[in-house]
$ cat run31.tsv   # TSV, C-alpha atoms and all ligand atoms
chain	number	residue	atom	x	y	z
A	1	MET	CA	40.54	6.97	33.32
A	2	THR	CA	38.46	4.30	31.59
A	3	THR	CA	39.02	3.61	27.92
A	4	LEU	CA	36.30	1.96	25.89
A	5	ARG	CA	36.61	0.65	22.38
A	6	LEU	CA	33.71	1.11	19.94
A	7	PRO	CA	33.34	0.48	16.20
A	8	GLY	CA	34.06	3.48	13.97
A	9	LEU	CA	30.85	5.55	13.92
A	10	ALA	CA	28.85	6.06	10.72
A	11	ASP	CA	26.73	9.17	10.06
A	12	PRO	CA	24.04	8.74	7.39
A	13	HIS	CA	23.35	12.49	7.05
A	14	VAL	CA	26.15	15.01	6.47
A	15	HIS	CA	26.17	18.20	4.38
A	16	VAL	CA	29.82	18.11	3.34
A	17	ARG	CA	29.42	20.99	0.84
A	18	GLY	CA	32.62	21.28	-1.30
A	19	LEU	CA	32.84	22.58	-4.92
A	20	GLY	CA	30.77	25.83	-5.02
A	21	GLN	CA	30.45	26.03	-1.23
A	22	ARG	CA	33.94	25.27	0.00
A	23	HIS	CA	33.87	28.38	2.15
A	24	LYS	CA	31.30	26.59	4.34
A	25	GLU	CA	33.08	23.20	4.40
A	26	ASP	CA	34.93	20.83	2.08
A	27	PHE	CA	35.81	17.14	2.14
A	28	ALA	CA	39.02	17.79	4.06
A	29	SER	CA	37.53	19.94	6.83
A	30	CYS	CA	34.36	17.85	7.07
A	31	THR	CA	36.12	14.50	7.35
A	32	ARG	CA	38.54	15.99	9.89
A	33	ALA	CA	35.50	17.05	11.95
A	34	ALA	CA	34.10	13.54	11.45
A	35	LEU	CA	37.23	11.86	12.82
A	36	ALA	CA	37.38	14.27	15.77
A	37	GLY	CA	33.80	13.20	16.51
A	38	GLY	CA	34.56	9.46	16.22
A	39	PHE	CA	33.06	8.91	12.76
A	40	THR	CA	34.95	6.78	10.25
A	41	THR	CA	32.19	6.91	7.61
A	42	ILE	CA	29.95	9.79	6.54
A	43	LEU	CA	27.24	9.82	3.90
A	44	ALA	CA	27.09	13.09	1.98
A	45	MET	CA	23.88	14.90	1.07
A	46	PRO	CA	23.21	16.10	-2.52
A	47	ASN	CA	21.83	19.65	-1.92
A	48	THR	CA	25.20	21.02	-2.95
A	49	LYS	CA	26.17	23.65	-5.52
A	50	PRO	CA	25.83	22.19	-8.12
A	51	ALA	CA	23.41	19.61	-6.71
A	52	ILE	CA	24.23	15.91	-7.16
A	53	VAL	CA	21.35	15.07	-9.49
A	54	ALA	CA	23.25	13.72	-12.53
A	55	GLU	CA	26.52	11.99	-13.35
A	56	PRO	CA	28.79	15.01	-14.12
A	57	ALA	CA	28.23	16.57	-10.67
A	58	LEU	CA	28.68	13.22	-8.91
A	59	ARG	CA	32.00	12.80	-10.72
A	60	GLU	CA	33.19	16.25	-9.62
A	61	TYR	CA	32.48	15.59	-5.94
A	62	GLN	CA	33.97	12.10	-6.17
A	63	ALA	CA	37.18	13.68	-7.50
A	64	GLU	CA	37.34	16.17	-4.62
A	65	ALA	CA	36.62	13.51	-2.02
A	66	ARG	CA	39.21	11.08	-3.43
A	67	VAL	CA	42.09	13.48	-2.73
A	68	GLU	CA	40.72	15.27	0.34
A	69	ALA	CA	38.85	12.79	2.52
A	70	HIS	CA	40.38	11.63	5.81
A	71	CYS	CA	37.63	9.08	6.49
A	72	ASP	CA	35.36	6.93	4.35
A	73	TYR	CA	32.37	8.48	2.61
A	74	GLY	CA	29.41	7.74	0.38
A	75	PHE	CA	27.11	9.89	-1.75
A	76	HIS	CA	23.35	10.18	-1.61
A	77	LEU	CA	21.90	11.29	-4.97
A	78	GLY	CA	19.26	14.02	-5.22
A	79	ALA	CA	15.82	13.50	-6.78
A	80	THR	CA	14.35	16.05	-9.20
A	81	GLU	CA	11.04	16.04	-11.10
A	82	ASP	CA	12.67	14.47	-14.14
A	83	ASN	CA	15.81	12.51	-13.21
A	84	ALA	CA	14.33	9.15	-12.12
A	85	GLY	CA	16.07	7.28	-14.97
A	86	GLU	CA	19.44	8.96	-14.41
A	87	VAL	CA	19.57	8.37	-10.64
A	88	ALA	CA	18.40	4.76	-11.02
A	89	ARG	CA	21.35	4.22	-13.40
A	90	LEU	CA	23.76	5.86	-10.91
A	91	ALA	CA	22.38	3.94	-7.91
A	92	PRO	CA	25.34	1.48	-7.68
A	93	LEU	CA	27.68	4.46	-7.10
A	94	SER	CA	25.47	5.85	-4.34
A	95	THR	CA	24.28	5.06	-0.83
A	96	GLY	CA	20.72	6.23	-1.45
A	97	LEU	CA	18.38	8.67	-3.15
A	98	LYS	CA	17.38	11.77	-1.18
A	99	LEU	CA	13.93	13.25	-1.76
A	100	TYR	CA	13.27	16.74	-0.44
A	101	LEU	CA	9.54	17.00	0.14
A	102	ASP	CA	9.68	20.17	2.25
A	103	PRO	CA	11.55	23.46	1.81
A	104	THR	CA	15.04	23.71	3.27
A	105	PHE	CA	18.51	24.94	2.24
A	106	GLY	CA	19.02	24.69	-1.55
A	107	ASP	CA	16.34	24.23	-4.18
A	108	LEU	CA	15.95	20.48	-4.52
A	109	LYS	CA	12.35	20.39	-3.34
A	110	LEU	CA	10.07	17.98	-5.25
A	111	GLN	CA	6.79	19.70	-6.13
A	112	LYS	CA	4.69	16.92	-7.53
A	113	LEU	CA	3.39	13.73	-5.96
A	114	THR	CA	3.96	12.05	-9.35
A	115	ALA	CA	7.72	12.60	-8.94
A	116	LEU	CA	7.71	10.86	-5.55
A	117	VAL	CA	5.71	7.95	-6.97
A	118	GLU	CA	8.00	7.63	-10.00
A	119	HIS	CA	11.23	7.67	-7.97
A	120	ALA	CA	9.82	5.15	-5.49
A	121	ALA	CA	8.98	2.83	-8.38
A	122	THR	CA	12.17	3.31	-10.38
A	123	PHE	CA	15.06	3.52	-7.90
A	124	PRO	CA	16.53	0.03	-7.25
A	125	LYS	CA	14.77	-1.52	-4.28
A	126	HIS	CA	17.92	-2.72	-2.51
A	127	VAL	CA	19.20	0.88	-2.21
A	128	PRO	CA	17.24	3.05	0.25
A	129	ILE	CA	15.40	6.22	-0.61
A	130	LEU	CA	15.69	8.87	2.10
A	131	ALA	CA	13.17	11.61	2.65
A	132	HIS	CA	13.21	15.06	4.16
A	133	ALA	CA	9.52	14.70	4.94
A	134	GLU	CA	7.80	16.65	7.69
A	135	GLU	CA	4.17	16.57	8.85
A	136	HIS	CA	1.88	15.50	5.95
A	137	SER	CA	4.84	14.75	3.68
A	138	LEU	CA	6.05	12.10	6.12
A	139	ALA	CA	2.74	10.23	5.91
A	140	SER	CA	2.72	10.48	2.14
A	141	ALA	CA	6.36	9.35	1.75
A	142	MET	CA	5.83	6.28	3.96
A	143	LEU	CA	2.64	5.31	2.15
A	144	VAL	CA	4.11	5.70	-1.35
A	145	ALA	CA	7.22	3.67	-0.42
A	146	HIS	CA	5.07	0.96	1.18
A	147	LEU	CA	2.82	0.73	-1.89
A	148	ALA	CA	5.93	0.47	-4.08
A	149	GLY	CA	7.18	-2.36	-1.85
A	150	ARG	CA	10.47	-0.67	-1.08
A	151	PRO	CA	12.48	0.58	1.95
A	152	ILE	CA	12.41	4.22	2.96
A	153	HIS	CA	14.53	6.04	5.53
A	154	ILE	CA	12.95	9.12	7.14
A	155	CYS	CA	15.50	11.83	7.89
A	156	HIS	CA	15.64	13.93	11.06
A	157	VAL	CA	12.27	13.04	12.63
A	158	SER	CA	11.54	15.88	15.03
A	159	ARG	CA	7.86	15.96	16.06
A	160	LYS	CA	5.70	13.88	18.39
A	161	VAL	CA	3.12	13.11	15.70
A	162	GLU	CA	5.89	12.08	13.29
A	163	ILE	CA	7.75	9.66	15.56
A	164	GLU	CA	4.43	8.13	16.62
A	165	LEU	CA	3.45	7.59	12.96
A	166	VAL	CA	6.83	6.01	12.21
A	167	ALA	CA	6.45	3.71	15.22
A	168	ARG	CA	2.97	2.65	14.08
A	169	ALA	CA	4.13	2.08	10.50
A	170	LYS	CA	6.91	-0.16	11.83
A	171	ASP	CA	4.37	-2.09	13.94
A	172	LYS	CA	2.32	-2.63	10.78
A	173	GLY	CA	5.34	-4.08	8.99
A	174	PHE	CA	6.26	-1.10	6.78
A	175	ASP	CA	9.90	-1.27	5.63
A	176	VAL	CA	10.68	2.10	7.22
A	177	THR	CA	13.70	3.25	9.21
A	178	CYS	CA	14.38	6.65	10.70
A	179	GLU	CA	17.00	8.89	12.21
A	180	VAL	CA	16.82	11.62	14.86
A	181	CYS	CA	19.36	14.43	15.32
A	182	PRO	CA	21.07	15.51	18.56
A	183	HIS	CA	19.61	19.02	18.28
A	184	HIS	CA	16.08	17.62	18.27
A	185	LEU	CA	16.82	15.44	21.30
A	186	PHE	CA	18.80	17.92	23.40
A	187	LEU	CA	17.25	21.32	22.55
A	188	ASP	CA	13.69	22.62	22.72
A	189	GLU	CA	12.16	25.78	21.30
A	190	HIS	CA	12.22	27.64	24.62
A	191	GLY	CA	15.43	26.38	26.17
A	192	HIS	CA	17.95	26.58	23.31
A	193	GLY	CA	19.32	30.03	24.18
A	194	LEU	CA	20.62	30.54	20.62
A	195	PRO	CA	20.51	34.00	19.03
A	196	ALA	CA	18.25	34.70	16.04
A	197	GLY	CA	19.75	33.25	12.88
A	198	PHE	CA	21.87	30.74	14.79
A	199	CYS	CA	18.76	28.84	15.93
A	200	GLU	CA	17.51	28.44	12.32
A	201	VAL	CA	17.41	24.77	11.34
A	202	ARG	CA	15.05	22.53	9.34
A	203	PRO	CA	13.12	20.80	10.74
A	204	VAL	CA	12.81	23.52	13.40
A	205	ILE	CA	13.65	22.80	17.04
A	206	GLY	CA	10.62	21.12	18.65
A	207	THR	CA	8.50	21.81	21.69
A	208	LYS	CA	9.19	20.16	25.06
A	209	GLU	CA	6.41	17.71	24.20
A	210	ASP	CA	8.09	16.78	20.90
A	211	VAL	CA	11.41	16.21	22.65
A	212	ARG	CA	9.75	14.03	25.32
A	213	ALA	CA	8.00	11.96	22.63
A	214	LEU	CA	11.28	11.33	20.79
A	215	TRP	CA	12.91	10.01	23.98
A	216	GLN	CA	9.82	7.92	24.76
A	217	ASN	CA	10.00	6.31	21.31
A	218	LEU	CA	13.68	5.45	21.38
A	219	ASP	CA	12.86	1.92	20.17
A	220	ALA	CA	11.53	3.36	16.91
A	221	ILE	CA	14.72	5.39	16.31
A	222	ASP	CA	17.18	3.41	14.17
A	223	CYS	CA	19.94	5.99	13.86
A	224	PHE	CA	21.30	9.12	15.47
A	225	ALA	CA	22.31	11.33	12.51
A	226	THR	CA	24.01	14.68	12.91
A	227	ASP	CA	22.54	16.48	9.85
A	228	HIS	CA	25.88	18.36	10.06
A	229	ALA	CA	24.97	21.48	8.03
A	230	PRO	CA	27.76	24.06	8.29
A	231	HIS	CA	27.19	27.72	7.48
A	232	THR	CA	29.62	30.44	8.52
A	233	ARG	CA	29.09	32.79	11.46
A	234	ALA	CA	28.70	35.69	9.01
A	235	GLU	CA	25.96	33.82	7.11
A	236	LYS	CA	24.14	32.87	10.32
A	237	SER	CA	24.27	36.50	11.54
A	238	SER	CA	22.97	37.94	8.24
A	239	ASP	CA	19.41	39.11	7.68
A	240	LYS	CA	18.77	35.95	5.60
A	241	PRO	CA	20.29	33.26	7.84
A	242	PRO	CA	20.45	29.83	6.15
A	243	PRO	CA	19.13	26.93	8.27
A	244	GLY	CA	21.56	24.36	9.63
A	245	PHE	CA	23.81	23.39	12.55
A	246	PRO	CA	27.27	21.83	12.49
A	247	GLY	CA	27.13	18.60	14.51
A	248	LEU	CA	29.86	16.07	13.80
A	249	GLU	CA	32.14	17.05	16.66
A	250	THR	CA	29.52	17.24	19.41
A	251	ALA	CA	27.17	14.31	18.64
A	252	LEU	CA	29.02	11.50	20.41
A	253	PRO	CA	29.89	13.61	23.50
A	254	LEU	CA	26.19	14.58	23.78
A	255	PHE	CA	25.06	10.96	23.59
A	256	LEU	CA	27.79	9.88	26.03
A	257	THR	CA	26.53	12.58	28.39
A	258	ALA	CA	23.08	11.00	28.10
A	259	VAL	CA	24.68	7.64	28.94
A	260	HIS	CA	26.30	9.29	31.95
A	261	GLU	CA	22.88	10.55	33.03
A	262	GLY	CA	21.32	7.10	32.65
A	263	LYS	CA	19.09	8.07	29.69
A	264	LEU	CA	20.85	5.71	27.26
A	265	THR	CA	23.22	2.74	27.38
A	266	ILE	CA	26.47	2.44	25.46
A	267	ALA	CA	24.78	-0.36	23.49
A	268	ASP	CA	21.98	2.08	22.49
A	269	VAL	CA	24.61	4.48	21.17
A	270	GLU	CA	26.64	1.81	19.39
A	271	ALA	CA	23.51	0.49	17.65
A	272	ARG	CA	22.30	3.91	16.47
A	273	MET	CA	25.64	5.48	15.58
A	274	ALA	CA	27.32	2.49	13.95
A	275	LEU	CA	25.63	-0.92	13.60
A	276	ASN	CA	22.19	0.13	12.33
A	277	VAL	CA	23.62	2.74	9.96
A	278	ARG	CA	25.96	0.17	8.46
A	279	ARG	CA	23.11	-2.31	8.03
A	280	ILE	CA	20.52	0.11	6.57
A	281	PHE	CA	22.96	1.56	4.02
A	282	SER	CA	24.82	-1.73	3.33
A	283	LEU	CA	28.19	-0.20	4.21
A	284	PRO	CA	31.24	-2.39	3.61
A	285	VAL	CA	33.23	-3.70	6.59
A	286	GLN	CA	36.12	-1.42	7.60
A	287	ASP	CA	38.87	-3.83	8.65
A	288	ASP	CA	40.83	-3.05	11.81
A	289	THR	CA	38.84	0.17	12.33
A	290	TYR	CA	37.70	1.35	15.74
A	291	ILE	CA	37.57	4.29	18.11
A	292	GLU	CA	38.71	4.62	21.70
A	293	ILE	CA	36.70	6.84	23.99
A	294	ASP	CA	36.82	8.06	27.56
A	295	PRO	CA	33.12	7.72	28.49
A	296	ASP	CA	33.36	10.06	31.47
A	297	GLU	CA	35.80	12.92	30.89
A	298	ALA	CA	34.20	16.29	31.62
A	299	HIS	CA	34.81	18.95	28.97
A	300	VAL	CA	33.28	21.80	27.03
A	301	PHE	CA	33.42	22.00	23.22
A	302	GLU	CA	35.15	25.07	21.80
A	303	ALA	CA	34.20	25.57	18.16
A	304	ALA	CA	37.10	27.92	17.51
A	305	ARG	CA	39.43	25.00	18.17
A	306	GLY	CA	37.29	22.51	16.22
A	307	GLU	CA	37.85	21.11	12.74
A	308	SER	CA	34.63	22.23	11.02
A	309	ARG	CA	34.93	25.42	9.03
A	310	ALA	CA	31.62	26.60	10.52
A	311	GLY	CA	33.52	27.97	13.53
A	312	TRP	CA	30.48	27.85	15.81
A	313	ASN	CA	28.31	25.16	17.35
A	314	PRO	CA	24.88	25.19	19.04
A	315	PHE	CA	26.30	23.20	21.98
A	316	GLU	CA	29.25	25.46	22.72
A	317	GLY	CA	29.56	26.03	26.45
A	318	VAL	CA	27.41	23.00	27.36
A	319	PRO	CA	29.06	20.77	29.99
A	320	LEU	CA	29.74	17.38	28.36
A	321	ARG	CA	30.85	14.01	29.70
A	322	GLY	CA	32.74	11.65	27.40
A	323	ARG	CA	35.04	12.22	24.45
A	324	VAL	CA	36.99	10.58	21.63
A	325	LEU	CA	40.60	9.74	22.45
A	326	ARG	CA	41.77	7.89	19.38
A	327	VAL	CA	40.50	6.78	15.95
A	328	VAL	CA	42.09	3.95	13.98
A	329	LEU	CA	41.15	3.54	10.31
A	330	ARG	CA	42.28	0.31	8.60
A	331	GLY	CA	45.06	-0.22	11.12
A	332	LYS	CA	46.38	3.34	10.81
A	333	GLU	CA	46.00	5.99	13.50
A	334	ALA	CA	43.81	8.78	12.07
A	335	TYR	CA	43.12	10.89	15.19
A	336	ALA	CA	44.91	10.92	18.54
A	337	GLY	CA	45.56	13.30	21.41
A	338	GLY	CA	43.14	15.88	20.03
A	339	ARG	CA	44.87	16.02	16.64
A	340	ILE	CA	44.27	14.65	13.16
A	341	VAL	CA	47.23	12.41	12.37
A	342	GLY	CA	45.96	10.69	9.21
A	343	ALA	CA	46.35	12.13	5.73
A	344	PRO	CA	43.89	13.51	3.18
A	345	GLY	CA	43.17	10.73	0.72
A	346	ASP	CA	43.10	8.03	3.44
A	347	GLY	CA	39.30	7.93	3.14
A	348	ARG	CA	37.62	5.65	0.59
A	349	ASP	CA	34.36	5.83	-1.30
A	350	VAL	CA	32.16	3.09	0.22
A	351	ARG	CA	30.91	2.27	-3.30
A	352	GLY	CA	34.36	2.21	-4.86
A	353	GLY	CA	33.95	5.49	-6.75
A	354	THR	CA	34.14	4.02	-10.27
A	355	PRO	CA	31.33	2.55	-12.36
B	401	LIG	O1	18.74	22.99	8.58
B	401	LIG	C1	19.00	22.36	7.55
B	401	LIG	N1	20.11	22.63	6.84
B	401	LIG	N2	18.15	21.42	7.14
B	401	LIG	C2	18.29	20.82	5.95
B	401	LIG	O2	17.46	20.01	5.62
B	401	LIG	C3	19.39	21.20	5.04
B	401	LIG	C4	20.51	21.77	5.78
B	401	LIG	C5	21.57	22.44	4.93
B	401	LIG	O3	21.94	21.90	3.88
B	401	LIG	O4	22.07	23.49	5.34
B	402	ZN	ZN	16.72	17.65	5.58
B	403	ZN	ZN	20.16	17.64	6.08
$ encode --input "run31.tsv" --output "structure tokens"
Amino acid sequence: MTTLRLPGLADPHVHVRGLGQRHKEDFASCTRAALAGGFTTILAMPNTKPAIVAEPALREYQAEARVEAHCDYGFHLGATEDNAGEVARLAPLSTGLKLYLDPTFGDLKLQKLTALVEHAATFPKHVPILAHAEEHSLASAMLVAHLAGRPIHICHVSRKVEIELVARAKDKGFDVTCEVCPHHLFLDEHGHGLPAGFCEVRPVIGTKEDVRALWQNLDAIDCFATDHAPHTRAEKSSDKPPPGFPGLETALPLFLTAVHEGKLTIADVEARMALNVRRIFSLPVQDDTYIEIDPDEAHVFEAARGESRAGWNPFEGVPLRGRVLRVVLRGKEAYAGGRIVGAPGDGRDVRGGTP
């Protein structure tokens, strides 16, 4: 058996849930899933219940995370039509400002172009804004950020036309970064084999052509983000299935499988799942923190034995090569031998958690 040491992974896009949606996931279950997947830092999305769009909600989630989290975490704030001043003030406590420009789970969607322009102008320029921006919204988000002279991070790019636009914007010197999710790289609309409800995700799974274009534009992809979005089996089987896939526990094994198949190098994975994420979101150094992996071990993920409360996974039953053996967080073993050995509360807020 070979053992490789990598830096602790960082995921810029995780729907932790908590508070009003603890039945889907909470900071304890989510950070346990993170560690099992090799992540030592996760950045939490604001489309929660209540949404993280003002200080009182941020404080509530910070309090939950402080006592529950097994790995480090940060909070992205959510943009609304009228909270540009409030989120700009809270920016030092956050890792970014998320703008929802297209419909998805929750009701944080921005309706007016004026709101996008105002947030881009007001949010501190050294903290990224992130956008759920598909199709036309992606073009508009990149242009508005560029005109405001500020960085923007495009979430879960999934289509050929989108990744090609991002690549061209980068060539033209736009301060744009982007992430792509495992489900958009490893599944296509015909081959996913998932039952109705369970295949619902936003952005939707792409065509074969979209998937090919993402792989062809690997150089334009800064990060691999899971967009871990847990919903229960009962919710996914209902007649109104919410969109979203759990992803923290299967992301690294999927990318290691791609390494095994010669589609990626370990350096590609390390850059997109650790180094670039840490740079883009200015994450603090985690001393004496690393993961040990077996890059080759053959296995199949069983969601019933996983840590996420979702209890299912779109990649269940898929033959995988490569897995996490051990995670060390600040000199302390956090995960080993398939078990969480660290304690809730070991995780820290990457922004310190206090004003
Ligand atoms: O499929 C999705 N689920 N896409 C999103 O943008 C949100 C997420 C969720 O929160 O469930
Ligand atoms: Zn999104
Ligand atoms: Zn998301």
$ residues_near_ligand --input "run31.tsv" --ligand "ligand LIG 401 (chain B)" --cutoff "6 Å" --atoms "all atoms listed in the file" --output "PyMOL selection string"
chain A and resi 15+104-105+201-202+229+243-244
$ residues_around --input "run31.tsv" --residues "range 62-70 of chain A" --least-positions-apart "3" --cutoff "8 Å" --atoms "only C-alpha atoms" --output "PyMOL selection string"
chain A and resi 18-19+27-28+31-32+35+58-59+73+334+342-349+353
$ residues_around --input "run31.tsv" --residues "His23 in chain A" --least-positions-apart "5" --cutoff "10 Å" --atoms "only C-alpha atoms" --output "list in words"
Arg17, Gly18, Pro230, His231, Thr232, Arg309 and Ala310 of chain A
$ residues_around --input "run31.tsv" --residues "Ala145 in chain A" --least-positions-apart "6" --cutoff "10 Å" --atoms "all atoms listed in the file" --output "list in words"
Leu116, Val117, His119, Ala120, Ala121, Lys125, Ile129, Pro151, Ile152, His153, Phe174, Asp175 and Val176 of chain A
$ write_last_selection --input "run31.tsv" --atoms "C-alpha atoms" --output "compact mmCIF listing (two decimals), in the frame of the given file"
# COMPACT_ATOMS: atom_id res chain seq x y z
CA LEU A 116 7.71 10.86 -5.55
CA VAL A 117 5.71 7.95 -6.97
CA HIS A 119 11.23 7.67 -7.97
CA ALA A 120 9.82 5.15 -5.49
CA ALA A 121 8.98 2.83 -8.38
CA LYS A 125 14.77 -1.52 -4.28
CA ILE A 129 15.40 6.22 -0.61
CA PRO A 151 12.48 0.58 1.95
CA ILE A 152 12.41 4.22 2.96
CA HIS A 153 14.53 6.04 5.53
CA PHE A 174 6.26 -1.10 6.78
CA ASP A 175 9.90 -1.27 5.63
CA VAL A 176 10.68 2.10 7.22
$ axis_aligned_box --input "run31.tsv" --around "range 285-302 of chain A" --padding-each-side "8 Å" --output "AutoDock Vina command-line options"
--center_x 37.0 --center_y 10.6 --center_z 19.1 --size_x 23.7 --size_y 44.9 --size_z 41.0
$ closest_residue --input "run31.tsv" --among "A:Ala267, A:Leu248, A:Leu187, A:Leu283" --to "Gly74 in chain A" --atoms "all atoms listed in the file"
A:Leu283
$ residues_around --input "run31.tsv" --residues "Leu194 in chain A" --least-positions-apart "3" --cutoff "12 Å" --atoms "only C-alpha atoms" --output "short mmCIF file (atom, residue, chain, number, x, y, z; two decimals) with C-alpha atoms, in the frame of the given file"
data_model
loop_
_atom_site.label_atom_id
_atom_site.label_comp_id
_atom_site.auth_asym_id
_atom_site.auth_seq_id
_atom_site.Cartn_x
_atom_site.Cartn_y
_atom_site.Cartn_z
CA HIS A 183 19.61 19.02 18.28
CA LEU A 187 17.25 21.32 22.55
CA ASP A 188 13.69 22.62 22.72
CA GLU A 189 12.16 25.78 21.30
CA HIS A 190 12.22 27.64 24.62
CA GLY A 191 15.43 26.38 26.17
CA GLY A 197 19.75 33.25 12.88
CA PHE A 198 21.87 30.74 14.79
CA CYS A 199 18.76 28.84 15.93
CA GLU A 200 17.51 28.44 12.32
CA VAL A 201 17.41 24.77 11.34
CA ILE A 205 13.65 22.80 17.04
CA LYS A 236 24.14 32.87 10.32
CA SER A 237 24.27 36.50 11.54
CA PHE A 245 23.81 23.39 12.55
CA TRP A 312 30.48 27.85 15.81
CA ASN A 313 28.31 25.16 17.35
CA PRO A 314 24.88 25.19 19.04
CA PHE A 315 26.30 23.20 21.98
CA GLU A 316 29.25 25.46 22.72
CA GLY A 317 29.56 26.03 26.45
#
$ closest_residue --input "run31.tsv" --among "A:Leu43, A:Leu108, A:Leu147, A:Ile163" --to "Glu135 in chain A" --atoms "all atoms listed in the file"
A:Ile163
$ atom_distance --input "run31.tsv" --atom1 "CA of Val328 in chain A" --atom2 "CA of Asp294 in chain A"
15.1 Å
$ residues_near_ligand --input "run31.tsv" --ligand "ligand ZN 402 (chain B)" --cutoff "8 Å" --atoms "all atoms listed in the file" --output "count of residues only"
10
$ closest_residue --input "run31.tsv" --among "A:Ala57, A:Leu99, A:Ile52, A:Ala10" --to "ligand ZN 403 (chain B)" --atoms "all atoms listed in the file"
A:Leu99
$ closest_residue --input "run31.tsv" --among "A:Gly8, A:Gly338, A:Pro284, A:Pro103" --to "ligand ZN 403 (chain B)" --atoms "all atoms listed in the file"
A:Pro103
$ closest_residue --input "run31.tsv" --among "A:Pro195, A:Gly247, A:Gly311, A:Gly37" --to "ligand ZN 403 (chain B)" --atoms "only C-alpha atoms and all ligand atoms"
A:Gly247
$ closest_residue --input "run31.tsv" --among "A:Asp11, A:Asp222, A:Asp287, A:Asp26" --to "Glu307 in chain A" --atoms "all atoms listed in the file"
A:Asp26
$ atom_distance --input "run31.tsv" --atom1 "CA of Gly262 in chain A" --atom2 "CA of Val324 in chain A"
19.5 Å
$ atom_distance --input "run31.tsv" --atom1 "CA of Leu256 in chain A" --atom2 "CA of His184 in chain A"
16.0 Å
$ residues_near_point --input "run31.tsv" --point "(16.5, 4.3, -7.0)" --cutoff "12 Å" --atoms "all atoms listed in the file" --output "VMD selection string"
chain A and resid 76 to 79 83 to 99 116 to 130 145 148 150 to 152
$ residues_near_point --input "run31.tsv" --point "(42.2, 9.3, 31.4)" --cutoff "9 Å" --atoms "only C-alpha atoms" --output "CSV table (one decimal) with C-alpha atoms, in the coordinates of the input"
chain,number,residue,atom,x,y,z
A,1,MET,CA,40.5,7.0,33.3
A,2,THR,CA,38.5,4.3,31.6
A,3,THR,CA,39.0,3.6,27.9
A,294,ASP,CA,36.8,8.1,27.6
A,296,ASP,CA,33.4,10.1,31.5
A,297,GLU,CA,35.8,12.9,30.9
$ residues_around --input "run31.tsv" --residues "Lys263 in chain A" --least-positions-apart "5" --cutoff "12 Å" --atoms "only C-alpha atoms" --output "tab-separated table (two decimals) with C-alpha atoms, in the frame of the given file"
chain	number	residue	atom	x	y	z
A	185	LEU	CA	16.82	15.44	21.30
A	186	PHE	CA	18.80	17.92	23.40
A	212	ARG	CA	9.75	14.03	25.32
A	215	TRP	CA	12.91	10.01	23.98
A	216	GLN	CA	9.82	7.92	24.76
A	218	LEU	CA	13.68	5.45	21.38
A	254	LEU	CA	26.19	14.58	23.78
A	255	PHE	CA	25.06	10.96	23.59
A	256	LEU	CA	27.79	9.88	26.03
A	257	THR	CA	26.53	12.58	28.39
A	258	ALA	CA	23.08	11.00	28.10
A	268	ASP	CA	21.98	2.08	22.49
A	269	VAL	CA	24.61	4.48	21.17
